[in-house]
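Dumped work_6.cif below, it's mmCIF, C-alpha atoms and all ligand atoms:
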data_protein
#
loop_
_atom_site.label_atom_id
_atom_site.label_comp_id
_atom_site.auth_asym_id
_atom_site.auth_seq_id
_atom_site.Cartn_x
_atom_site.Cartn_y
_atom_site.Cartn_z
CA MET I 15 51.30 98.85 96.15
CA GLU I 16 53.68 95.87 96.43
CA LYS I 17 57.15 96.78 97.58
CA ASP I 18 59.89 95.76 95.17
CA CYS I 19 61.95 94.64 98.14
CA ASN I 20 63.94 91.64 97.07
CA ILE I 21 65.44 93.17 93.98
CA THR I 22 66.17 96.45 95.67
CA LYS I 23 67.66 94.93 98.80
CA ASN I 24 69.75 92.54 96.74
CA ARG I 25 70.91 95.39 94.59
CA MET I 26 72.04 97.39 97.61
CA LYS I 27 73.80 94.35 99.05
CA GLY I 28 75.45 93.87 95.66
CA ILE I 29 76.74 97.46 95.63
CA ILE I 30 78.30 96.92 99.07
CA HIS I 31 79.81 93.52 98.27
CA ASP I 32 81.17 94.65 94.88
CA PHE I 33 82.87 97.66 96.51
CA ILE I 34 84.47 95.43 99.14
CA SER I 35 85.76 93.11 96.39
CA ALA I 36 86.96 95.72 93.93
CA SER I 37 87.92 98.96 95.66
CA PRO I 38 91.68 99.62 95.95
CA LEU I 39 90.85 101.46 99.18
CA ASN I 40 90.13 98.10 100.80
CA THR I 41 93.71 97.52 101.90
CA MET I 42 95.87 96.95 104.96
CA GLY I 43 98.39 99.33 103.39
CA ASN I 44 101.28 97.08 104.42
CA GLY I 45 102.76 96.29 101.02
CA THR I 46 100.80 93.04 100.67
CA ASP I 47 97.58 92.55 98.74
CA GLU I 48 95.71 91.82 101.97
CA PRO I 49 92.35 93.59 102.17
CA ALA I 50 91.12 95.23 105.35
CA TRP I 51 87.76 93.44 104.96
CA ASP I 52 86.52 90.50 102.96
CA ARG I 53 82.77 90.37 103.58
CA ALA I 54 79.84 92.21 105.13
CA LEU I 55 76.56 91.50 106.84
CA VAL I 56 73.84 93.89 105.64
CA GLY I 57 70.51 94.78 107.30
CA PHE I 58 67.65 97.21 106.66
CA ALA I 59 65.52 99.21 109.10
CA SER I 60 62.52 101.42 108.41
CA GLY I 61 62.82 105.15 109.08
CA ALA I 62 59.42 104.86 110.81
CA ASP I 63 60.54 102.19 113.29
CA GLN I 64 59.62 103.17 116.85
CA ILE I 65 63.13 102.25 117.95
CA TRP I 66 64.47 105.62 116.70
CA GLN I 67 62.20 107.45 119.17
CA GLN I 68 63.27 105.04 121.89
CA TYR I 69 66.92 105.93 121.16
CA LYS I 70 66.03 109.58 121.63
CA GLU I 71 64.57 108.79 125.01
CA TYR I 72 67.38 106.43 126.05
CA VAL I 73 70.50 107.95 124.46
CA GLY I 74 69.36 111.58 124.38
CA ALA I 75 67.25 114.03 122.36
CA PHE I 76 70.39 114.91 120.36
CA HIS I 77 70.45 111.44 118.74
CA TRP I 78 68.95 111.89 115.27
CA THR I 79 66.13 109.87 113.85
CA PRO I 80 66.68 108.88 110.18
CA TRP I 81 64.04 111.45 109.20
CA GLU I 82 65.85 114.26 111.06
CA VAL I 83 69.24 113.62 109.49
CA PHE I 84 67.76 113.05 106.03
CA ASN I 85 65.73 116.27 106.10
CA GLN I 86 68.67 118.33 107.30
CA HIS I 87 70.84 117.17 104.43
CA CYS I 88 68.38 116.40 101.63
CA PRO I 89 65.99 119.34 102.09
CA GLY I 90 62.97 119.90 99.85
CA LYS I 91 62.31 116.18 99.32
CA ASN I 92 59.19 116.26 101.49
CA VAL I 93 59.40 112.63 102.56
CA SER I 94 57.81 110.96 105.53
CA ALA I 95 59.67 108.67 107.93
CA ASP I 96 58.16 105.54 106.40
CA GLN I 97 59.60 106.45 102.99
CA LEU I 98 63.11 106.15 104.44
CA THR I 99 65.28 103.09 104.95
CA VAL I 100 68.45 102.76 106.99
CA ILE I 101 70.93 100.44 105.29
CA SER I 102 73.40 99.16 107.86
CA TRP I 103 76.41 96.88 107.48
CA ILE I 104 78.86 94.98 109.63
CA LEU I 105 82.47 94.52 108.49
CA PRO I 106 83.73 91.55 110.54
CA GLN I 107 87.43 91.53 111.35
CA ARG I 108 89.32 88.88 109.37
CA ALA I 109 90.69 85.81 111.16
CA SER I 110 94.35 86.91 110.85
CA VAL I 111 93.60 90.35 112.34
CA ARG I 112 91.68 88.85 115.24
CA LYS I 113 94.44 86.31 115.86
CA SER I 114 97.11 89.01 115.90
CA ASN I 115 95.27 91.07 118.52
CA ARG I 116 94.42 88.08 120.70
CA SER I 117 97.96 87.73 122.01
CA HIS I 118 98.15 91.40 123.02
CA LYS I 119 97.54 92.41 126.62
CA GLU I 120 97.88 96.19 126.71
CA TYR I 121 98.19 97.72 123.27
CA PRO I 122 96.93 96.62 119.85
CA SER I 123 98.64 94.53 117.19
CA GLU I 124 99.83 96.35 114.07
CA GLU I 125 97.10 94.66 112.02
CA TRP I 126 94.41 95.87 114.40
CA ALA I 127 95.73 99.44 114.33
CA ARG I 128 95.71 99.32 110.53
CA THR I 129 92.07 98.24 110.35
CA ARG I 130 91.21 100.94 112.89
CA VAL I 131 92.64 103.60 110.56
CA LEU I 132 92.69 102.28 106.98
CA GLY I 133 89.73 99.98 107.57
CA GLU I 134 87.70 102.91 108.84
CA GLU I 135 88.82 105.06 105.90
CA PHE I 136 87.47 102.30 103.66
CA ASN I 137 84.26 102.24 105.71
CA ALA I 138 83.86 106.00 105.07
CA ALA I 139 84.51 105.43 101.35
CA LEU I 140 81.86 102.67 101.37
CA ARG I 141 79.34 105.09 102.90
CA ARG I 142 80.12 107.66 100.17
CA HIS I 143 79.98 105.01 97.44
CA LEU I 144 76.58 103.73 98.54
CA VAL I 145 75.18 107.29 98.74
CA GLU I 146 76.47 108.06 95.22
CA SER I 147 75.19 104.77 93.80
CA LEU I 148 71.72 105.27 95.27
CA GLU I 149 71.61 108.86 94.06
CA LEU I 150 72.56 107.72 90.55
CA ALA I 151 69.64 105.32 90.74
CA GLY I 152 67.32 108.22 91.72
CA HIS I 153 67.22 107.74 95.51
CA ALA I 154 68.43 110.66 97.63
CA ALA I 155 70.63 109.40 100.46
CA VAL I 156 72.86 110.58 103.28
CA ALA I 157 75.54 108.96 105.44
CA PRO I 158 74.88 110.36 108.95
CA MET I 159 78.46 109.83 110.14
CA LEU I 160 79.82 111.95 107.28
CA VAL I 161 77.65 115.05 107.59
CA PRO I 162 79.47 118.13 108.91
CA ASN I 163 77.18 118.57 111.91
CA TRP I 164 77.62 115.03 113.23
CA THR I 165 78.99 115.62 116.67
CA ILE I 166 79.93 114.09 119.99
CA VAL I 167 77.80 115.30 122.86
CA LYS I 168 78.42 115.15 126.61
CA SER I 169 75.89 112.83 128.18
CA GLU I 170 75.03 112.44 131.83
CA ARG I 171 74.15 108.79 131.39
CA PHE I 172 76.92 107.73 129.01
CA SER I 173 79.68 110.28 129.69
CA TYR I 174 79.54 111.10 125.98
CA ALA I 175 77.41 110.04 123.02
CA SER I 176 76.89 111.22 119.45
CA SER I 177 74.24 112.48 117.05
CA TRP I 178 74.22 109.13 115.24
CA SER I 179 75.46 105.79 116.52
CA GLU I 180 76.38 103.19 113.90
CA ARG I 181 76.04 100.40 116.45
CA HIS I 182 72.52 101.50 117.32
CA ALA I 183 71.63 101.67 113.61
CA ALA I 184 72.93 98.11 113.19
CA HIS I 185 70.92 96.97 116.21
CA ALA I 186 67.79 98.55 114.70
CA ALA I 187 68.48 96.72 111.42
CA GLY I 188 68.49 93.34 113.16
CA LEU I 189 72.26 92.87 113.02
CA GLY I 190 73.16 92.42 116.68
CA THR I 191 72.76 93.18 120.37
CA PHE I 192 75.00 94.90 122.90
CA GLY I 193 77.50 93.15 125.16
CA LEU I 194 78.72 94.02 128.65
CA CYS I 195 81.57 96.01 127.07
CA ASP I 196 79.09 97.99 124.87
CA GLY I 197 80.29 96.32 121.65
CA LEU I 198 77.67 94.94 119.28
CA ILE I 199 77.60 91.14 119.14
CA THR I 200 76.61 90.06 115.64
CA ALA I 201 76.21 86.74 113.80
CA HIS I 202 79.94 87.09 113.00
CA GLY I 203 80.85 88.17 116.52
CA LYS I 204 81.84 91.41 118.15
CA ALA I 205 85.17 92.05 116.41
CA MET I 206 83.90 94.28 113.63
CA ARG I 207 83.26 97.81 112.41
CA THR I 208 79.91 99.08 111.23
CA GLY I 209 78.46 101.75 108.94
CA SER I 210 75.14 103.01 107.60
CA VAL I 211 73.31 105.19 105.09
CA VAL I 212 69.78 106.66 105.23
CA ALA I 213 68.00 106.61 101.86
CA HIS I 214 64.71 107.65 100.31
CA ILE I 215 63.74 104.14 99.43
CA SER I 216 61.06 101.77 100.71
CA VAL I 217 62.00 98.16 101.23
CA GLU I 218 60.78 95.60 103.71
CA PRO I 219 62.77 96.11 106.94
CA ASP I 220 64.61 93.10 108.34
CA PRO I 221 63.17 91.61 111.51
CA ARG I 222 65.07 91.97 114.78
CA PRO I 223 65.64 88.38 115.86
CA TYR I 224 65.91 89.37 119.54
CA ALA I 225 63.48 90.67 122.12
CA ASP I 226 66.18 92.16 124.32
CA HIS I 227 69.06 94.49 123.43
CA HIS I 228 71.49 92.30 125.43
CA ALA I 229 70.21 88.93 124.17
CA TYR I 230 73.53 87.73 122.69
CA CYS I 231 75.76 88.46 125.72
CA LEU I 232 76.40 85.62 128.17
CA PHE I 233 76.70 87.98 131.11
CA TYR I 234 73.16 89.29 130.63
CA ALA I 235 71.73 85.95 129.46
CA ASP I 236 72.85 83.80 132.39
CA GLY I 237 75.22 85.78 134.57
CA THR I 238 78.36 84.00 133.31
CA CYS I 239 81.40 85.05 131.26
CA GLY I 240 82.62 88.57 131.99
CA LYS I 241 85.76 87.70 129.99
CA CYS I 242 85.86 91.19 128.47
CA ILE I 243 86.39 92.55 132.02
CA ASP I 244 89.70 90.66 132.26
CA ARG I 245 90.77 91.58 128.72
CA CYS I 246 90.52 95.34 129.30
CA PRO I 247 93.90 96.84 130.27
CA ALA I 248 92.27 100.09 131.37
CA GLY I 249 89.79 98.72 133.89
CA ALA I 250 87.09 100.24 131.74
CA ILE I 251 84.75 97.23 131.92
CA THR I 252 83.12 96.03 135.12
CA VAL I 253 79.93 94.18 136.00
CA ASN I 254 78.30 97.61 135.78
CA GLY I 255 79.21 97.99 132.11
CA HIS I 256 81.62 100.09 130.07
CA ASP I 257 83.32 103.27 131.30
CA LYS I 258 83.71 105.27 128.10
CA GLU I 259 86.02 107.84 129.60
CA LYS I 260 88.57 105.27 130.84
CA CYS I 261 88.37 103.60 127.43
CA ARG I 262 88.94 106.89 125.62
CA LEU I 263 91.98 107.75 127.75
CA HIS I 264 93.53 104.35 127.05
CA LEU I 265 92.84 104.68 123.34
CA ALA I 266 94.67 108.02 123.30
CA LYS I 267 97.73 106.33 124.85
CA THR I 268 97.86 103.71 122.10
CA ARG I 269 98.99 106.29 119.51
CA GLU I 270 102.45 106.59 120.98
CA TYR I 271 102.85 102.81 121.25
CA VAL I 272 101.69 102.18 117.69
CA LYS I 273 104.00 104.84 116.28
CA LYS I 274 107.01 103.70 118.29
CA THR I 275 106.49 99.97 117.85
CA TYR I 276 105.22 99.71 114.28
CA ALA I 277 106.41 103.03 112.79
CA TYR I 278 102.78 103.57 111.84
CA GLU I 279 100.57 106.59 112.54
CA GLY I 280 97.64 104.72 113.98
CA TYR I 281 95.90 103.73 117.14
CA GLY I 282 93.26 101.34 118.42
CA CYS I 283 92.63 98.79 121.14
CA GLY I 284 89.82 96.26 120.68
CA LEU I 285 91.39 93.90 123.23
CA CYS I 286 87.90 93.30 124.63
CA GLN I 287 86.74 92.19 121.18
CA VAL I 288 89.12 89.24 120.85
CA GLY I 289 90.04 86.30 123.07
CA VAL I 290 86.46 86.34 124.37
CA PRO I 291 83.54 83.96 123.69
CA CYS I 292 81.75 86.56 121.54
CA GLU I 293 84.79 87.29 119.33
CA ARG I 294 83.33 85.70 116.18
CA ILE I 295 80.04 84.09 117.15
CA ILE I 296 76.91 84.65 119.21
CA PRO I 297 77.96 82.82 122.39
CA VAL I 298 74.44 82.47 123.81
CA LYS I 299 73.75 79.07 122.27
CA ALA I 300 69.96 79.21 122.18
CA ALA I 301 69.97 82.67 120.57
CA GLY I 302 72.61 81.69 117.98
CA GLU I 303 70.71 78.51 117.06
CA ALA I 304 67.35 80.32 116.86
CA LEU I 305 68.95 82.87 114.51
CA LYS I 306 70.26 80.08 112.27
CA ARG I 307 66.79 78.50 112.17
CA GLY I 308 65.34 81.90 111.26
CA GLU I 309 63.13 82.02 114.34
CA LEU I 310 61.93 85.30 115.78
CA PRO I 311 61.29 85.97 119.47
CA PRO I 312 57.71 86.67 120.57
CA PRO I 313 56.79 90.33 120.05
CA PRO I 314 57.19 92.55 123.13
CA PRO I 315 53.96 93.29 125.05
CA PRO I 316 52.07 96.40 123.86
CA LEU I 317 52.94 99.64 125.59
CA ALA I 318 50.55 100.42 128.45
S1 LIG G 401 83.03 88.70 126.62
FE1 LIG G 401 81.28 87.70 127.61
S2 LIG G 401 80.45 89.26 129.02
FE2 LIG G 401 81.79 90.32 127.55
S3 LIG G 401 80.41 91.00 125.91
FE3 LIG G 401 81.23 88.99 125.29
S4 LIG G 401 79.71 87.50 126.02
FE4 LIG G 401 79.30 89.43 127.08
S1 LIG G 402 88.58 99.10 123.66
FE1 LIG G 402 90.32 98.61 125.02
S2 LIG G 402 90.23 100.17 126.66
FE2 LIG G 402 88.27 100.19 125.61
S3 LIG G 402 86.97 98.81 126.81
FE3 LIG G 402 87.87 97.57 125.15
S4 LIG G 402 89.72 96.71 126.01
FE4 LIG G 402 89.08 98.38 127.37
#
Would you encode the structure as structure tokens?
Ligand code: SF4
Ligand code: SF4
Amino acid sequence: MEKDCNITKNRMKGIIHDFISASPLNTMGNGTDEPAWDRALVGFASGADQIWQQYKEYVGAFHWTPWEVFNQHCPGKNVSADQLTVISWILPQRASVRKSNRSHKEYPSEEWARTRVLGEEFNAALRRHLVESLELAGHAAVAPMLVPNWTIVKSERFSYASSWSERHAAHAAGLGTFGLCDGLITAHGKAMRTGSVVAHISVEPDPRPYADHHAYCLFYADGTCGKCIDRCPAGAITVNGHDKEKCRLHLAKTREYVKKTYAYEGYGCGLCQVGVPCERIIPVKAAGEALKRGELPPPPPPLA
């Protein structure tokens, strides 16, 4: 049977874009009418994609596949993995928010702290809104980050990890690849937040326009850059990658600064996401141009 993909994908994109445009929750909460976000990139991945198993092997067995999280929270539906789609979105930081954080060297700008808190509250509301909209249309759905048993797990390889990673979902949906600092570099850069929903709906998945999970980072592409190393006030980024524990400890310290300096109960950092070549573009020229031309990399060799 032909999949009704275009209409359905467009409809889901429309639900996301309309909510960004119209929801009063999309606010900086600073007495202006500035929104936290003004656009989104949206991608789709199949629940049967092999990449979910690969995440289990790479991140840890505790990382859910779409089928696992859907069946825990929408029991009795009796669906197979290929009847599920992961809808993932990127909320790129606006130019004024990026600019404000660029001049900071140790702690975040007020605007950045506001998008970290209010922007993420909006992101949670967007997850709920998409779930409700799909359910109204007859498609059971779940937002993995919002289920009560989503949890952070200690990991030998990564210090800590979680049952569902939004960045990994976005990577699976063709929206970006990982940088030296662990952030996801997307067509609108690395300064962003991301969210996802798993739904009982079959649409054509989007292709992943990269053969390598580091394809958009200059450091991995040609050994140059490393600018995020210098931007990190906590020494959490080195040529060996991102030290999550150092990052977490620095993030905890930002609460006091944000409260004292801005009289705002927030936190954040993101200094490695701005003032770097990947702030708002894919800095690996060939990869960025291939993406614009709609070219796909050659498929990886078959598993032995
Ligand atoms: S700043 Fe440079 S090294 Fe760091 S993630 Fe971006 S492209 Fe990669
Ligand atoms: S978020 Fe801040 S502390 Fe964490 S790696 Fe980036 S710059 Fe360093």
Neighbouring residues of Tyr271 of chain I were defined as those with any atom within 12 Å, considering all atoms listed in the file; residues of the same chain fewer than 2 positions away were excluded. Please report them as a list of chain:residue names.
I:Glu120, I:Tyr121, I:Pro122, I:Ser123, I:Glu124, I:Ala127, I:His264, I:Leu265, I:Ala266, I:Lys267, I:Thr268, I:Arg269, I:Lys273, I:Lys274, I:Thr275, I:Tyr276, I:Ala277, I:Tyr278, I:Glu279, I:Gly280, I:Tyr281, I:Gly282, I:Cys283
Show me which residues are within 9 Å of ligand LIG 402 (chain G) counting all atoms listed in the file, and format the list as a count of residues only.
33
Set the cut-off to 6 Å, count only C-alpha atoms and all ligand atoms, and list whatever residues fall near ligand LIG 401 (chain G) as a VMD selection string.
chain I and resid 193 to 195 231 to 233 239 to 242 290 to 292
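Here the question is which of I:His31, I:Lys168, I:His227, I:Lys204 gets nearest to Ala54 of chain I using only C-alpha atoms, and that residue is I:His31.
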Give me the residues within 10 Å of Ala235 of chain I as a PyMOL selection string, counting only C-alpha atoms and dropping any in the same chain fewer than 5 places off.
chain I and resi 226+228-230+297-298+301
List the residues sitting within 12 Å of (63.2, 103.9, 119.6) in the file's frame, using all atoms listed in the file, as JSON, numbers by chain.
{"I": [59, 60, 61, 62, 63, 64, 65, 66, 67, 68, 69, 70, 71, 72, 73, 74, 75, 77, 78, 79, 80, 182, 183, 185, 186, 227]}
Would you save the residues from that selection as a PDB file, in the coordinates of the input, using C-alpha atoms?
ATOM      1  CA  ALA I  59      65.520  99.210 109.100  1.00  0.00           C
ATOM      2  CA  SER I  60      62.520 101.420 108.410  1.00  0.00           C
ATOM      3  CA  GLY I  61      62.820 105.150 109.080  1.00  0.00           C
ATOM      4  CA  ALA I  62      59.420 104.860 110.810  1.00  0.00           C
ATOM      5  CA  ASP I  63      60.540 102.190 113.290  1.00  0.00           C
ATOM      6  CA  GLN I  64      59.620 103.170 116.850  1.00  0.00           C
ATOM      7  CA  ILE I  65      63.130 102.250 117.950  1.00  0.00           C
ATOM      8  CA  TRP I  66      64.470 105.620 116.700  1.00  0.00           C
ATOM      9  CA  GLN I  67      62.200 107.450 119.170  1.00  0.00           C
ATOM     10  CA  GLN I  68      63.270 105.040 121.890  1.00  0.00           C
ATOM     11  CA  TYR I  69      66.920 105.930 121.160  1.00  0.00           C
ATOM     12  CA  LYS I  70      66.030 109.580 121.630  1.00  0.00           C
ATOM     13  CA  GLU I  71      64.570 108.790 125.010  1.00  0.00           C
ATOM     14  CA  TYR I  72      67.380 106.430 126.050  1.00  0.00           C
ATOM     15  CA  VAL I  73      70.500 107.950 124.460  1.00  0.00           C
ATOM     16  CA  GLY I  74      69.360 111.580 124.380  1.00  0.00           C
ATOM     17  CA  ALA I  75      67.250 114.030 122.360  1.00  0.00           C
ATOM     18  CA  HIS I  77      70.450 111.440 118.740  1.00  0.00           C
ATOM     19  CA  TRP I  78      68.950 111.890 115.270  1.00  0.00           C
ATOM     20  CA  THR I  79      66.130 109.870 113.850  1.00  0.00           C
ATOM     21  CA  PRO I  80      66.680 108.880 110.180  1.00  0.00           C
ATOM     22  CA  HIS I 182      72.520 101.500 117.320  1.00  0.00           C
ATOM     23  CA  ALA I 183      71.630 101.670 113.610  1.00  0.00           C
ATOM     24  CA  HIS I 185      70.920  96.970 116.210  1.00  0.00           C
ATOM     25  CA  ALA I 186      67.790  98.550 114.700  1.00  0.00           C
ATOM     26  CA  HIS I 227      69.060  94.490 123.430  1.00  0.00           C
TER      27      HIS I 227
END
Expected axis-aligned box over every listed atom of segment 220-237 of chain I, 5 Å added per side, centre plus edges in Å to one decimal, as AutoDock Vina command-line options:
--center_x 69.9 --center_y 89.1 --center_z 121.5 --size_x 23.5 --size_y 20.7 --size_z 36.2
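Interatomic distance, atom CA of Glu270 of chain I against atom CA of Arg128 of chain I: 14.4 Å.
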Identify, on the basis of only C-alpha atoms, every residue whose closest approach to Pro223 of chain I does not exceed 9 Å; exclude the query and any residue fewer than 6 positions from it along the same chain; express the result as a PyMOL selection string.
chain I and resi 188-190+301+304-305+308-311
Using only C-alpha atoms, which of I:Ile296, I:Ala139, I:Arg171, I:Val211 sits nearest His153 of chain I?
I:Val211
Interatomic distance (Å, one decimal) between atom CA of Ala201 of chain I and atom CA of Phe33 of chain I:
21.5 Å
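Coordinates place atom CA of Val111 of chain I at a distance of 9.5 Å from atom CA of Ala205 of chain I.
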Have a look at I:Arg222, I:Lys91, I:Arg108, I:Lys113 and name the one nearest to Arg207 of chain I; count all atoms listed in the file.
I:Arg108
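Closest approach to Ser102 of chain I among I:Ala187, I:Leu160, I:Ala154, I:Ile295: I:Ala187, based on only C-alpha atoms.
The nearest approach to Phe76 of chain I among the residues I:Ala95, I:Val167, I:Val161, I:Ala184, with all atoms listed in the file taken into account, belongs to I:Val167.
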Around (87.0, 98.6, 101.2) in the file's own coordinates, what residues are found within 7 Å if you use only C-alpha atoms, given back as a PDB file with C-alpha atoms, keeping the file's coordinate frame?
ATOM      1  CA  PHE I  33      82.870  97.660  96.510  1.00  0.00           C
ATOM      2  CA  ILE I  34      84.470  95.430  99.140  1.00  0.00           C
ATOM      3  CA  SER I  37      87.920  98.960  95.660  1.00  0.00           C
ATOM      4  CA  LEU I  39      90.850 101.460  99.180  1.00  0.00           C
ATOM      5  CA  ASN I  40      90.130  98.100 100.800  1.00  0.00           C
ATOM      6  CA  THR I  41      93.710  97.520 101.900  1.00  0.00           C
ATOM      7  CA  ALA I  50      91.120  95.230 105.350  1.00  0.00           C
ATOM      8  CA  TRP I  51      87.760  93.440 104.960  1.00  0.00           C
ATOM      9  CA  PHE I 136      87.470 102.300 103.660  1.00  0.00           C
ATOM     10  CA  ASN I 137      84.260 102.240 105.710  1.00  0.00           C
ATOM     11  CA  LEU I 140      81.860 102.670 101.370  1.00  0.00           C
TER      12      LEU I 140
END
Return the single residue from I:Ile166, I:Val156, I:Val212, I:Val56 that is closest to Pro106 of chain I, with distances computed using all atoms listed in the file.
I:Val56
